[in-house]
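Here's the structure, in C-alpha cells; my notes come after.
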Amino acid sequence: MSWEANVRRVVPYTPGEQPKLQDVIKLNTNENPYPPAPGVERILREFDIARMRKYPDPNAQHLVDAIAASYGVKPSQVFVGVGSDDVLSMAFLTFFAGDKPVLFPDVTYSFYDVWADVYRIPYAQLPLTEDLRIDPDDYKRENGGIIFPNPNAPTGVLESLDTIGEIVRANPDSVVIVDEAYIDFGGVSALSLLDEYENLLIVQTFSKSRSMAGVRIGFAIGSEKLIGFMNDVKFSVNSYTMNQLTIECGAAALADPAYFRETTQRICETREWAKQQLTALGFTFPDSRSNFIFARHSTADAGALFAALKARHIFVRYWNKPRIDQYLRITIGTPDEMEALFKALAEILQEMGDRQ
Ligand code: PMP
C-alpha cells in the first residue's frame with residue numbers, strides 16, 4: 001500500500017496492566033494506595049457544571065500559581081501538563097531538537113526511547129554501573145541533551161545533589177532534565193540548584209505522592225527562559241491541555257501540605273518494613289528511596305514469581321528485558337496489601353522449593 005510509506009511508525013510504550021478483575025492487589029504501576037487530599041473531594045462535589053460549556057483557562061493559571069507558591073518560584077517558572085508524561089513529551093519536543101544524541105541511562109523509564117523515536121531524536125543509552133548507579137563521568141561527552149529520573153525508575157536508586165550538580169555543570173550547552181516523579185518519598189529535590197543553572201529543568205507529578213494518577217497532572221519548574229520555550233511549543237500543539245476541573249483539583253491538593261506529608265511518610269515507613277520482609281524472604285535490592293522496590297530473589301526466577309503472584313491476583317511489574325529480567329518492581333501499598341504479598345511470596349517460594 002503506497003500510503004503506508006508516509007506513515008509515522010513507532011513502537012509504543014507499554015504501560016503497566018490495569019486489571020479488570022475485582023479483588024486484586026495492585027502493586028504494578030506505582031500508584032498511591034491512599035486517597036487524594038480531602039479538599040479534592042470538596043471541589044468535585046461543589047463544581048458548577050455550567051462551567052463545562054466554556055473552554056478552560058489555557059494557561060491553567062490557578063494551578064500554575066498554586067504550584068509556584070508551594071515550591072517558592074515565580075509562576076513564569078512553572079509549566080503544567082496532563083501528567084508528567086505530557087510534560088516530558090513537550091520537553092523532548094522543545095529541548096531535544098539538535099543533531100547530537102540525547103543521553104539517558106540504559107535501565108530507566110522506558111518512555112524516554114519511545115519519545116526519542118517518535119520525534120526522531122538521536123539518543124544513546126548509557127549503562128548504569130554494576131550496582132545500578134549513574135556515573136556522572138559518563139555524561140561528560142558530546143550530547144544534544146540529558147534526561148534521567150531521580151530516584152531512577154525502575155531501580156528506586158537516589159543520586160545525590162552533588163552528582164546532579166556535577167552533570168549539569170559539565171553540560172552548559174545542553175538542557176538537563178531531572179524527572180523527579182518519585183522525589184517525595186525521601187529524596188532531595190534538585191529545585192535548590194535552579195538559581196545556579198538556567199539549563200536545568202525539573203519535572204514532577206501529582207500521580208504518585210499526591211494520589212492523583214487518574215486525574216493527570218504533571219509540572220515542570222525551570223528558568224523563565226526554559227518555561228517560555230516550552231509554552232511556545234505547547235501553544236503550537238494544543239492550547240487547552242488541562243480541563244477546568246483538573247486545574248481546581250490540583251490546586252486543592254496543594255492546599256493541604258499536612259495530608260501530603262502524612263501519606264508520603266506512611267508510604268516511606270511501609271517501604272522500610274517491606275525491605276526487612278523481602279530480605280527475610282531471600283530477596284536483594286538496591287536501596288530504594290521511592291514508592292517501589294526493585295527486587296530479585298537469590299534462587300527463584302522472577303518471571304515465574306510474577307506469574308505465580310498474578311495467578312493469585314497480586315500484580316507486580318516485570319520486564320522480560322536484558323539486564324533486568326530477574327527483577328520484580330513492587331509498588332508499596334498499604335500495610336495490609338504488603339502483608340498479603342509477603343504471605344503469597346512465602347507460599348510460592350515454598351512450593352517452588354518443594355518442586356526442585
Ligand atoms: N516519570 C517516571 C520515571 C515514571 O515512572 C512515570 C510513571 N509511569 C512518569 C514519569 C509519568 O507519570 P505521570 O504521567 O502519571 O505523571
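By order of appearance in the C-alpha cells: chains A, B, ..., then residues from 1 within every chain, and ligands from 1 in the order shown.
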
Item checked: ligand 1 neighbours within 6 Å using only C-alpha atoms and all ligand atoms, as an NGL selection string -> :A and (83-85 or 109 or 149 or 153 or 179 or 181 or 205 or 207 or 213 or 218)

Selected residues, all heavy atoms, written as a short mmCIF file (atom, residue, chain, number, x, y, z; two decimals), in the first residue's frame, please.
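Heads up, here's the output in selection-v7.cif:
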data_model
loop_
_atom_site.label_atom_id
_atom_site.label_comp_id
_atom_site.auth_asym_id
_atom_site.auth_seq_id
_atom_site.Cartn_x
_atom_site.Cartn_y
_atom_site.Cartn_z
N GLY A 83 -0.42 15.10 33.23
CA GLY A 83 0.51 14.09 33.74
C GLY A 83 1.93 14.49 33.35
O GLY A 83 2.13 15.30 32.42
N SER A 84 2.92 13.93 34.06
CA SER A 84 4.28 14.31 33.68
C SER A 84 4.66 13.69 32.35
O SER A 84 5.59 14.16 31.69
CB SER A 84 5.30 14.01 34.79
OG SER A 84 5.29 12.68 35.14
N ASP A 85 3.96 12.65 31.90
CA ASP A 85 4.22 12.12 30.56
C ASP A 85 4.02 13.22 29.50
O ASP A 85 4.81 13.34 28.56
CB ASP A 85 3.30 10.93 30.24
CG ASP A 85 3.79 9.64 30.86
OD1 ASP A 85 4.97 9.55 31.24
OD2 ASP A 85 2.98 8.69 30.97
N TYR A 109 13.32 4.91 32.82
CA TYR A 109 11.90 4.97 32.43
C TYR A 109 11.80 4.65 30.94
O TYR A 109 12.40 5.33 30.10
CB TYR A 109 11.38 6.37 32.74
CG TYR A 109 9.89 6.55 32.50
CD1 TYR A 109 8.99 5.49 32.64
CD2 TYR A 109 9.38 7.79 32.17
CE1 TYR A 109 7.64 5.67 32.44
CE2 TYR A 109 8.02 7.99 31.98
CZ TYR A 109 7.16 6.92 32.11
OH TYR A 109 5.82 7.11 31.91
N PRO A 149 15.67 10.00 35.56
CA PRO A 149 14.82 10.18 36.74
C PRO A 149 15.69 10.15 37.99
O PRO A 149 16.70 9.46 38.03
CB PRO A 149 13.89 8.97 36.73
CG PRO A 149 14.20 8.20 35.47
CD PRO A 149 15.57 8.62 35.05
N ALA A 153 13.97 5.13 37.92
CA ALA A 153 12.95 4.09 37.81
C ALA A 153 13.43 3.16 36.70
O ALA A 153 13.91 3.65 35.69
CB ALA A 153 11.62 4.71 37.43
N ASP A 179 13.86 14.06 36.08
CA ASP A 179 12.48 13.59 36.21
C ASP A 179 12.29 13.13 37.65
O ASP A 179 12.72 12.05 38.04
CB ASP A 179 12.30 12.44 35.20
CG ASP A 179 10.94 11.76 35.28
OD1 ASP A 179 10.15 12.06 36.19
OD2 ASP A 179 10.68 10.90 34.41
N ALA A 181 9.67 12.19 39.42
CA ALA A 181 8.35 11.60 39.67
C ALA A 181 8.25 11.01 41.08
O ALA A 181 7.18 11.00 41.67
CB ALA A 181 8.06 10.51 38.62
N THR A 205 5.23 15.19 39.38
CA THR A 205 3.88 14.72 39.06
C THR A 205 3.00 14.65 40.30
O THR A 205 3.50 14.51 41.41
CB THR A 205 3.95 13.32 38.40
OG1 THR A 205 2.63 12.87 38.13
CG2 THR A 205 4.64 12.30 39.30
N SER A 207 0.84 12.22 40.32
CA SER A 207 0.34 10.84 40.20
C SER A 207 0.75 9.95 41.36
O SER A 207 0.04 9.00 41.68
CB SER A 207 0.87 10.21 38.91
OG SER A 207 0.36 10.87 37.79
N ALA A 213 -3.09 9.85 40.09
CA ALA A 213 -2.68 9.32 38.78
C ALA A 213 -3.83 9.40 37.78
O ALA A 213 -3.62 9.66 36.59
CB ALA A 213 -2.18 7.88 38.92
N GLY A 218 0.92 16.92 35.79
CA GLY A 218 2.37 16.94 35.92
C GLY A 218 2.83 18.37 35.75
O GLY A 218 2.08 19.22 35.24
#

Item checked: Nearby residues (only C-alpha atoms) at most 12 Å from Phe206 of chain A, same-chain spacing under 6 positions excluded, as a PyMOL selection string -> chain A and resi 31-32+36-37+63+67+80-85+180-184+212-220+246-247+249-254+260

DSSP alpha helix (DSSP H) residues within segment 59-264 of chain A, listed as an mmCIF file with N, CA, C and O atoms, in the first residue's frame:
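Below is the file result-v8.cif, written as the result:
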data_model
loop_
_atom_site.group_PDB
_atom_site.id
_atom_site.type_symbol
_atom_site.label_atom_id
_atom_site.label_comp_id
_atom_site.auth_asym_id
_atom_site.auth_seq_id
_atom_site.Cartn_x
_atom_site.Cartn_y
_atom_site.Cartn_z
ATOM 1 N N GLN A 61 -3.814 29.025 34.955
ATOM 2 C CA GLN A 61 -3.116 29.950 35.855
ATOM 3 C C GLN A 61 -3.329 29.632 37.341
ATOM 4 O O GLN A 61 -2.401 29.740 38.148
ATOM 5 N N HIS A 62 -4.541 29.220 37.682
ATOM 6 C CA HIS A 62 -4.846 28.928 39.088
ATOM 7 C C HIS A 62 -3.908 27.837 39.622
ATOM 8 O O HIS A 62 -3.340 27.961 40.712
ATOM 9 N N LEU A 63 -3.705 26.812 38.822
ATOM 10 C CA LEU A 63 -2.827 25.707 39.226
ATOM 11 C C LEU A 63 -1.352 26.133 39.157
ATOM 12 O O LEU A 63 -0.560 25.818 40.052
ATOM 13 N N VAL A 64 -1.002 26.857 38.110
ATOM 14 C CA VAL A 64 0.386 27.342 37.982
ATOM 15 C C VAL A 64 0.747 28.198 39.193
ATOM 16 O O VAL A 64 1.812 28.030 39.808
ATOM 17 N N ASP A 65 -0.157 29.094 39.589
ATOM 18 C CA ASP A 65 0.113 29.979 40.739
ATOM 19 C C ASP A 65 0.243 29.160 42.025
ATOM 20 O O ASP A 65 1.099 29.439 42.864
ATOM 21 N N ALA A 66 -0.616 28.131 42.163
ATOM 22 C CA ALA A 66 -0.570 27.308 43.380
ATOM 23 C C ALA A 66 0.748 26.522 43.447
ATOM 24 O O ALA A 66 1.366 26.401 44.512
ATOM 25 N N ILE A 67 1.209 26.006 42.317
ATOM 26 C CA ILE A 67 2.492 25.274 42.291
ATOM 27 C C ILE A 67 3.637 26.234 42.602
ATOM 28 O O ILE A 67 4.518 25.943 43.416
ATOM 29 N N ALA A 68 3.600 27.417 41.982
ATOM 30 C CA ALA A 68 4.668 28.409 42.205
ATOM 31 C C ALA A 68 4.741 28.765 43.691
ATOM 32 O O ALA A 68 5.833 28.802 44.277
ATOM 33 N N ALA A 69 3.594 28.988 44.315
ATOM 34 C CA ALA A 69 3.585 29.359 45.739
ATOM 35 C C ALA A 69 4.102 28.198 46.589
ATOM 36 O O ALA A 69 4.881 28.395 47.519
ATOM 37 N N SER A 70 3.694 26.969 46.259
ATOM 38 C CA SER A 70 4.117 25.803 47.052
ATOM 39 C C SER A 70 5.621 25.575 46.984
ATOM 40 O O SER A 70 6.224 25.123 47.947
ATOM 41 N N TYR A 71 6.201 25.835 45.817
ATOM 42 C CA TYR A 71 7.613 25.499 45.632
ATOM 43 C C TYR A 71 8.526 26.723 45.684
ATOM 44 O O TYR A 71 9.733 26.606 45.423
ATOM 45 N N GLY A 83 -0.420 15.097 33.233
ATOM 46 C CA GLY A 83 0.506 14.086 33.737
ATOM 47 C C GLY A 83 1.926 14.493 33.348
ATOM 48 O O GLY A 83 2.131 15.297 32.418
ATOM 49 N N SER A 84 2.918 13.930 34.064
ATOM 50 C CA SER A 84 4.279 14.312 33.681
ATOM 51 C C SER A 84 4.665 13.688 32.351
ATOM 52 O O SER A 84 5.586 14.157 31.686
ATOM 53 N N ASP A 85 3.963 12.647 31.904
ATOM 54 C CA ASP A 85 4.220 12.123 30.557
ATOM 55 C C ASP A 85 4.018 13.216 29.503
ATOM 56 O O ASP A 85 4.806 13.343 28.563
ATOM 57 N N ASP A 86 2.953 13.996 29.660
ATOM 58 C CA ASP A 86 2.688 15.095 28.728
ATOM 59 C C ASP A 86 3.785 16.162 28.832
ATOM 60 O O ASP A 86 4.286 16.666 27.820
ATOM 61 N N VAL A 87 4.181 16.463 30.066
ATOM 62 C CA VAL A 87 5.213 17.480 30.287
ATOM 63 C C VAL A 87 6.550 17.014 29.693
ATOM 64 O O VAL A 87 7.251 17.771 29.011
ATOM 65 N N LEU A 88 6.883 15.740 29.936
ATOM 66 C CA LEU A 88 8.149 15.205 29.411
ATOM 67 C C LEU A 88 8.134 15.163 27.886
ATOM 68 O O LEU A 88 9.126 15.490 27.226
ATOM 69 N N SER A 89 7.006 14.768 27.337
ATOM 70 C CA SER A 89 6.884 14.718 25.880
ATOM 71 C C SER A 89 7.106 16.115 25.272
ATOM 72 O O SER A 89 7.839 16.282 24.292
ATOM 73 N N MET A 90 6.497 17.125 25.890
ATOM 74 C CA MET A 90 6.691 18.514 25.431
ATOM 75 C C MET A 90 8.150 18.951 25.599
ATOM 76 O O MET A 90 8.691 19.688 24.775
ATOM 77 N N ALA A 91 8.773 18.492 26.677
ATOM 78 C CA ALA A 91 10.172 18.863 26.922
ATOM 79 C C ALA A 91 11.082 18.223 25.869
ATOM 80 O O ALA A 91 12.011 18.863 25.361
ATOM 81 N N PHE A 92 10.810 16.954 25.509
ATOM 82 C CA PHE A 92 11.593 16.308 24.432
ATOM 83 C C PHE A 92 11.439 17.111 23.145
ATOM 84 O O PHE A 92 12.411 17.390 22.444
ATOM 85 N N LEU A 93 10.189 17.462 22.832
ATOM 86 C CA LEU A 93 9.903 18.168 21.578
ATOM 87 C C LEU A 93 10.569 19.546 21.566
ATOM 88 O O LEU A 93 11.059 20.008 20.537
ATOM 89 N N THR A 94 10.612 20.193 22.725
ATOM 90 C CA THR A 94 11.130 21.561 22.804
ATOM 91 C C THR A 94 12.658 21.603 22.848
ATOM 92 O O THR A 94 13.284 22.378 22.117
ATOM 93 N N PHE A 95 13.254 20.782 23.713
ATOM 94 C CA PHE A 95 14.671 20.972 24.032
ATOM 95 C C PHE A 95 15.622 20.034 23.313
ATOM 96 O O PHE A 95 16.827 20.257 23.314
ATOM 97 N N TYR A 112 11.359 7.073 27.597
ATOM 98 C CA TYR A 112 12.308 8.030 27.005
ATOM 99 C C TYR A 112 12.682 7.650 25.566
ATOM 100 O O TYR A 112 12.689 8.493 24.668
ATOM 101 N N ASP A 113 13.005 6.370 25.355
ATOM 102 C CA ASP A 113 13.389 5.982 23.985
ATOM 103 C C ASP A 113 12.202 6.043 23.033
ATOM 104 O O ASP A 113 12.367 6.282 21.834
ATOM 105 N N VAL A 114 10.986 5.881 23.571
ATOM 106 C CA VAL A 114 9.795 5.963 22.719
ATOM 107 C C VAL A 114 9.591 7.408 22.234
ATOM 108 O O VAL A 114 9.362 7.651 21.045
ATOM 109 N N TRP A 115 9.714 8.380 23.140
ATOM 110 C CA TRP A 115 9.593 9.792 22.700
ATOM 111 C C TRP A 115 10.709 10.136 21.720
ATOM 112 O O TRP A 115 10.471 10.822 20.725
ATOM 113 N N ALA A 116 11.918 9.681 22.024
ATOM 114 C CA ALA A 116 13.035 9.978 21.116
ATOM 115 C C ALA A 116 12.714 9.421 19.723
ATOM 116 O O ALA A 116 12.916 10.092 18.714
ATOM 117 N N ASP A 117 12.168 8.204 19.675
ATOM 118 C CA ASP A 117 11.834 7.603 18.374
ATOM 119 C C ASP A 117 10.716 8.368 17.669
ATOM 120 O O ASP A 117 10.824 8.669 16.477
ATOM 121 N N VAL A 118 9.661 8.695 18.391
ATOM 122 C CA VAL A 118 8.524 9.326 17.717
ATOM 123 C C VAL A 118 8.895 10.721 17.209
ATOM 124 O O VAL A 118 8.434 11.145 16.153
ATOM 125 N N LEU A 161 22.572 15.377 45.267
ATOM 126 C CA LEU A 161 22.591 16.678 44.585
ATOM 127 C C LEU A 161 23.970 16.976 44.020
ATOM 128 O O LEU A 161 24.097 17.649 43.006
ATOM 129 N N ASP A 162 25.013 16.450 44.666
ATOM 130 C CA ASP A 162 26.378 16.631 44.157
ATOM 131 C C ASP A 162 26.504 16.013 42.769
ATOM 132 O O ASP A 162 27.075 16.607 41.850
ATOM 133 N N THR A 163 25.991 14.786 42.631
ATOM 134 C CA THR A 163 26.049 14.094 41.332
ATOM 135 C C THR A 163 25.273 14.882 40.277
ATOM 136 O O THR A 163 25.743 15.071 39.151
ATOM 137 N N ILE A 164 24.089 15.363 40.647
ATOM 138 C CA ILE A 164 23.271 16.096 39.675
ATOM 139 C C ILE A 164 23.956 17.402 39.294
ATOM 140 O O ILE A 164 24.061 17.738 38.108
ATOM 141 N N GLY A 165 24.467 18.103 40.304
ATOM 142 C CA GLY A 165 25.190 19.360 40.043
ATOM 143 C C GLY A 165 26.376 19.119 39.124
ATOM 144 O O GLY A 165 26.627 19.904 38.201
ATOM 145 N N GLU A 166 27.084 18.023 39.345
ATOM 146 C CA GLU A 166 28.258 17.705 38.512
ATOM 147 C C GLU A 166 27.834 17.507 37.051
ATOM 148 O O GLU A 166 28.506 17.997 36.131
ATOM 149 N N ILE A 167 26.725 16.811 36.842
ATOM 150 C CA ILE A 167 26.248 16.570 35.467
ATOM 151 C C ILE A 167 25.803 17.881 34.819
ATOM 152 O O ILE A 167 26.139 18.167 33.667
ATOM 153 N N VAL A 168 25.057 18.695 35.543
ATOM 154 C CA VAL A 168 24.565 19.952 34.956
ATOM 155 C C VAL A 168 25.745 20.887 34.655
ATOM 156 O O VAL A 168 25.806 21.503 33.589
ATOM 157 N N ARG A 169 26.688 20.944 35.607
ATOM 158 C CA ARG A 169 27.854 21.830 35.448
ATOM 159 C C ARG A 169 28.674 21.448 34.221
ATOM 160 O O ARG A 169 29.205 22.294 33.518
ATOM 161 N N GLU A 224 12.831 30.973 33.659
ATOM 162 C CA GLU A 224 11.755 31.579 32.856
ATOM 163 C C GLU A 224 11.980 31.314 31.373
ATOM 164 O O GLU A 224 11.035 31.115 30.611
ATOM 165 N N LYS A 225 13.245 31.293 30.986
ATOM 166 C CA LYS A 225 13.573 31.102 29.570
ATOM 167 C C LYS A 225 13.147 29.697 29.103
ATOM 168 O O LYS A 225 12.502 29.541 28.060
ATOM 169 N N LEU A 226 13.508 28.677 29.893
ATOM 170 C CA LEU A 226 13.121 27.301 29.522
ATOM 171 C C LEU A 226 11.601 27.170 29.458
ATOM 172 O O LEU A 226 11.047 26.588 28.511
ATOM 173 N N ILE A 227 10.929 27.699 30.471
ATOM 174 C CA ILE A 227 9.466 27.551 30.539
ATOM 175 C C ILE A 227 8.811 28.299 29.378
ATOM 176 O O ILE A 227 7.834 27.829 28.779
ATOM 177 N N GLY A 228 9.377 29.444 29.020
ATOM 178 C CA GLY A 228 8.849 30.204 27.878
ATOM 179 C C GLY A 228 8.924 29.393 26.588
ATOM 180 O O GLY A 228 7.961 29.329 25.816
ATOM 181 N N PHE A 229 10.058 28.711 26.374
ATOM 182 C CA PHE A 229 10.202 27.871 25.163
ATOM 183 C C PHE A 229 9.203 26.714 25.177
ATOM 184 O O PHE A 229 8.627 26.364 24.145
ATOM 185 N N MET A 230 8.996 26.130 26.345
ATOM 186 C CA MET A 230 8.024 25.015 26.424
ATOM 187 C C MET A 230 6.606 25.501 26.114
ATOM 188 O O MET A 230 5.853 24.829 25.412
ATOM 189 N N ASN A 231 6.266 26.680 26.640
ATOM 190 C CA ASN A 231 4.920 27.202 26.367
ATOM 191 C C ASN A 231 4.735 27.516 24.884
ATOM 192 O O ASN A 231 3.667 27.284 24.326
ATOM 193 N N ASP A 232 5.785 28.007 24.226
ATOM 194 C CA ASP A 232 5.673 28.270 22.785
ATOM 195 C C ASP A 232 5.333 26.989 22.031
ATOM 196 O O ASP A 232 4.502 26.985 21.123
ATOM 197 N N VAL A 233 5.979 25.882 22.410
ATOM 198 C CA VAL A 233 5.706 24.614 21.717
ATOM 199 C C VAL A 233 4.315 24.103 22.086
ATOM 200 O O VAL A 233 3.528 23.712 21.221
ATOM 201 N N LYS A 234 3.998 24.174 23.366
ATOM 202 C CA LYS A 234 2.675 23.694 23.807
ATOM 203 C C LYS A 234 1.558 24.435 23.069
ATOM 204 O O LYS A 234 0.617 23.814 22.554
ATOM 205 N N PHE A 235 1.677 25.765 22.990
ATOM 206 C CA PHE A 235 0.626 26.540 22.329
ATOM 207 C C PHE A 235 0.676 26.397 20.801
ATOM 208 O O PHE A 235 -0.160 26.941 20.102
ATOM 209 N N SER A 236 1.646 25.649 20.314
ATOM 210 C CA SER A 236 1.681 25.325 18.882
ATOM 211 C C SER A 236 1.107 23.939 18.610
ATOM 212 O O SER A 236 1.014 23.507 17.464
ATOM 213 N N VAL A 237 0.793 23.218 19.696
ATOM 214 C CA VAL A 237 0.269 21.852 19.537
ATOM 215 C C VAL A 237 -1.185 21.779 20.013
ATOM 216 O O VAL A 237 -2.062 21.291 19.305
ATOM 217 N N GLN A 244 -10.814 22.250 33.233
ATOM 218 C CA GLN A 244 -11.070 23.157 34.354
ATOM 219 C C GLN A 244 -11.139 22.436 35.702
ATOM 220 O O GLN A 244 -10.617 22.910 36.713
ATOM 221 N N LEU A 245 -11.774 21.280 35.694
ATOM 222 C CA LEU A 245 -11.951 20.534 36.942
ATOM 223 C C LEU A 245 -10.595 20.067 37.486
ATOM 224 O O LEU A 245 -10.314 20.149 38.680
ATOM 225 N N THR A 246 -9.750 19.597 36.586
ATOM 226 C CA THR A 246 -8.415 19.141 36.979
ATOM 227 C C THR A 246 -7.590 20.278 37.560
ATOM 228 O O THR A 246 -6.891 20.109 38.567
ATOM 229 N N ILE A 247 -7.680 21.437 36.931
ATOM 230 C CA ILE A 247 -6.935 22.609 37.405
ATOM 231 C C ILE A 247 -7.292 22.879 38.870
ATOM 232 O O ILE A 247 -6.430 23.091 39.728
ATOM 233 N N GLU A 248 -8.584 22.805 39.180
ATOM 234 C CA GLU A 248 -9.027 23.110 40.551
ATOM 235 C C GLU A 248 -8.684 21.995 41.521
ATOM 236 O O GLU A 248 -8.347 22.245 42.681
ATOM 237 N N CYS A 249 -8.791 20.751 41.064
ATOM 238 C CA CYS A 249 -8.433 19.618 41.940
ATOM 239 C C CYS A 249 -6.950 19.694 42.317
ATOM 240 O O CYS A 249 -6.567 19.436 43.460
ATOM 241 N N GLY A 250 -6.127 20.051 41.363
ATOM 242 C CA GLY A 250 -4.687 20.150 41.622
ATOM 243 C C GLY A 250 -4.390 21.222 42.655
ATOM 244 O O GLY A 250 -3.616 21.007 43.600
ATOM 245 N N ALA A 251 -5.025 22.379 42.501
ATOM 246 C CA ALA A 251 -4.792 23.479 43.450
ATOM 247 C C ALA A 251 -5.263 23.057 44.845
ATOM 248 O O ALA A 251 -4.615 23.363 45.850
ATOM 249 N N ALA A 252 -6.388 22.324 44.913
ATOM 250 C CA ALA A 252 -6.912 21.883 46.219
ATOM 251 C C ALA A 252 -5.953 20.902 46.886
ATOM 252 O O ALA A 252 -5.766 20.932 48.109
ATOM 253 N N ALA A 253 -5.333 20.031 46.100
ATOM 254 C CA ALA A 253 -4.386 19.063 46.677
ATOM 255 C C ALA A 253 -3.201 19.803 47.299
ATOM 256 O O ALA A 253 -2.739 19.453 48.393
ATOM 257 N N LEU A 254 -2.734 20.848 46.629
ATOM 258 C CA LEU A 254 -1.572 21.590 47.143
ATOM 259 C C LEU A 254 -1.887 22.363 48.417
ATOM 260 O O LEU A 254 -0.988 22.684 49.197
ATOM 261 N N PRO A 257 -0.779 20.655 52.762
ATOM 262 C CA PRO A 257 0.559 20.062 52.890
ATOM 263 C C PRO A 257 0.658 19.040 54.024
ATOM 264 O O PRO A 257 1.473 18.113 53.942
ATOM 265 N N ALA A 258 -0.186 19.176 55.055
ATOM 266 C CA ALA A 258 -0.107 18.240 56.187
ATOM 267 C C ALA A 258 -0.513 16.834 55.726
ATOM 268 O O ALA A 258 0.139 15.839 56.069
ATOM 269 N N TYR A 259 -1.572 16.754 54.933
ATOM 270 C CA TYR A 259 -2.035 15.454 54.422
ATOM 271 C C TYR A 259 -0.961 14.816 53.534
ATOM 272 O O TYR A 259 -0.688 13.617 53.613
ATOM 273 N N PHE A 260 -0.344 15.647 52.708
ATOM 274 C CA PHE A 260 0.730 15.203 51.810
ATOM 275 C C PHE A 260 1.889 14.604 52.622
ATOM 276 O O PHE A 260 2.370 13.503 52.344
ATOM 277 N N ARG A 261 2.304 15.332 53.658
ATOM 278 C CA ARG A 261 3.422 14.849 54.494
ATOM 279 C C ARG A 261 3.064 13.536 55.175
ATOM 280 O O ARG A 261 3.850 12.594 55.214
ATOM 281 N N GLU A 262 1.834 13.470 55.684
ATOM 282 C CA GLU A 262 1.415 12.281 56.436
ATOM 283 C C GLU A 262 1.363 11.033 55.540
ATOM 284 O O GLU A 262 1.867 9.969 55.911
ATOM 285 N N THR A 263 0.781 11.165 54.349
ATOM 286 C CA THR A 263 0.631 9.983 53.490
ATOM 287 C C THR A 263 1.973 9.549 52.886
ATOM 288 O O THR A 263 2.255 8.352 52.790
ATOM 289 N N THR A 264 2.806 10.513 52.509
ATOM 290 C CA THR A 264 4.106 10.116 51.943
ATOM 291 C C THR A 264 4.965 9.464 53.033
ATOM 292 O O THR A 264 5.664 8.481 52.776
#

Next item on the list: With a distance cut-off of 10 Å and only C-alpha atoms, select the neighbouring residues of segment 341-354 of chain A, excluding the residue or stretch itself and same-chain residues fewer than 4 positions from it, and output the selection as a list in words.
Entry: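 The neighbour list is Ile25, Leu27, Ala274, Gln277, Leu278, Ala280, Leu281, Gly282, His297, Thr299, Ala300, Asp301, Ala304, Leu305, Phe306, Ala308, Leu309, Arg312, Ile314, Phe315, Val316, Ile330, Gly333, Pro335, Asp336 and Glu337 of chain A.
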
Note to self: Among segment 143-327 of chain A, which residues does DSSP mark as strand (DSSP E or B) when it is run on the backbone? Keep the chain and numbering as in the structure and answer as a PyMOL selection string.
What the structure shows: chain A and resi 145-149+176-179+200-205+218-221+283-284+292-297+314-315+317

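Nearest residue to Phe294 of chain A, choosing from A:Arg133, A:Arg329, A:Arg317, A:Arg51 and counting only C-alpha atoms: A:Arg329.
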
Next item on the list: List the neighbours of segment 134-145 of chain A out to 8 Å using only C-alpha atoms; skip same-chain residues closer than 3 positions along the sequence, and give me the result as an NGL selection string.
Entry: :A and (95-103 or 105 or 126 or 128-129 or 159 or 163-164 or 166-167 or 170-171 or 174-176)

Margin query: If we count only C-alpha atoms and set the cut-off at 10 Å, which residues sit around Gly222 of chain A, ignoring sequence neighbours fewer than 6 positions away in its own chain? Please answer as a list of chain:residue names.
Written below: A:Val73, A:Lys74, A:Ser76, A:Gln77, A:Val78, A:Phe79, A:Ile177, A:Leu191, A:Leu193, A:Leu194, A:Asp195, A:Tyr197, A:Glu198, A:Asn199, A:Leu200, A:Leu201, A:Ile202, A:Val203, A:Gly228

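The interatomic distance for the pair atom CA of Asp256 of chain A and atom CA of Tyr34 of chain A works out to 14.4 Å.
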
Next item on the list: Mind checking which residues fall within 10 Å of Trp319 of chain A, counting only C-alpha atoms, ignoring those fewer than 4 positions away in the same chain, and posting them as a list in words?
Entry: Ala302, Gly303, Phe306, Arg323, Ile324, Asp325, Gln326, Tyr327, Leu328 and Arg329 of chain A
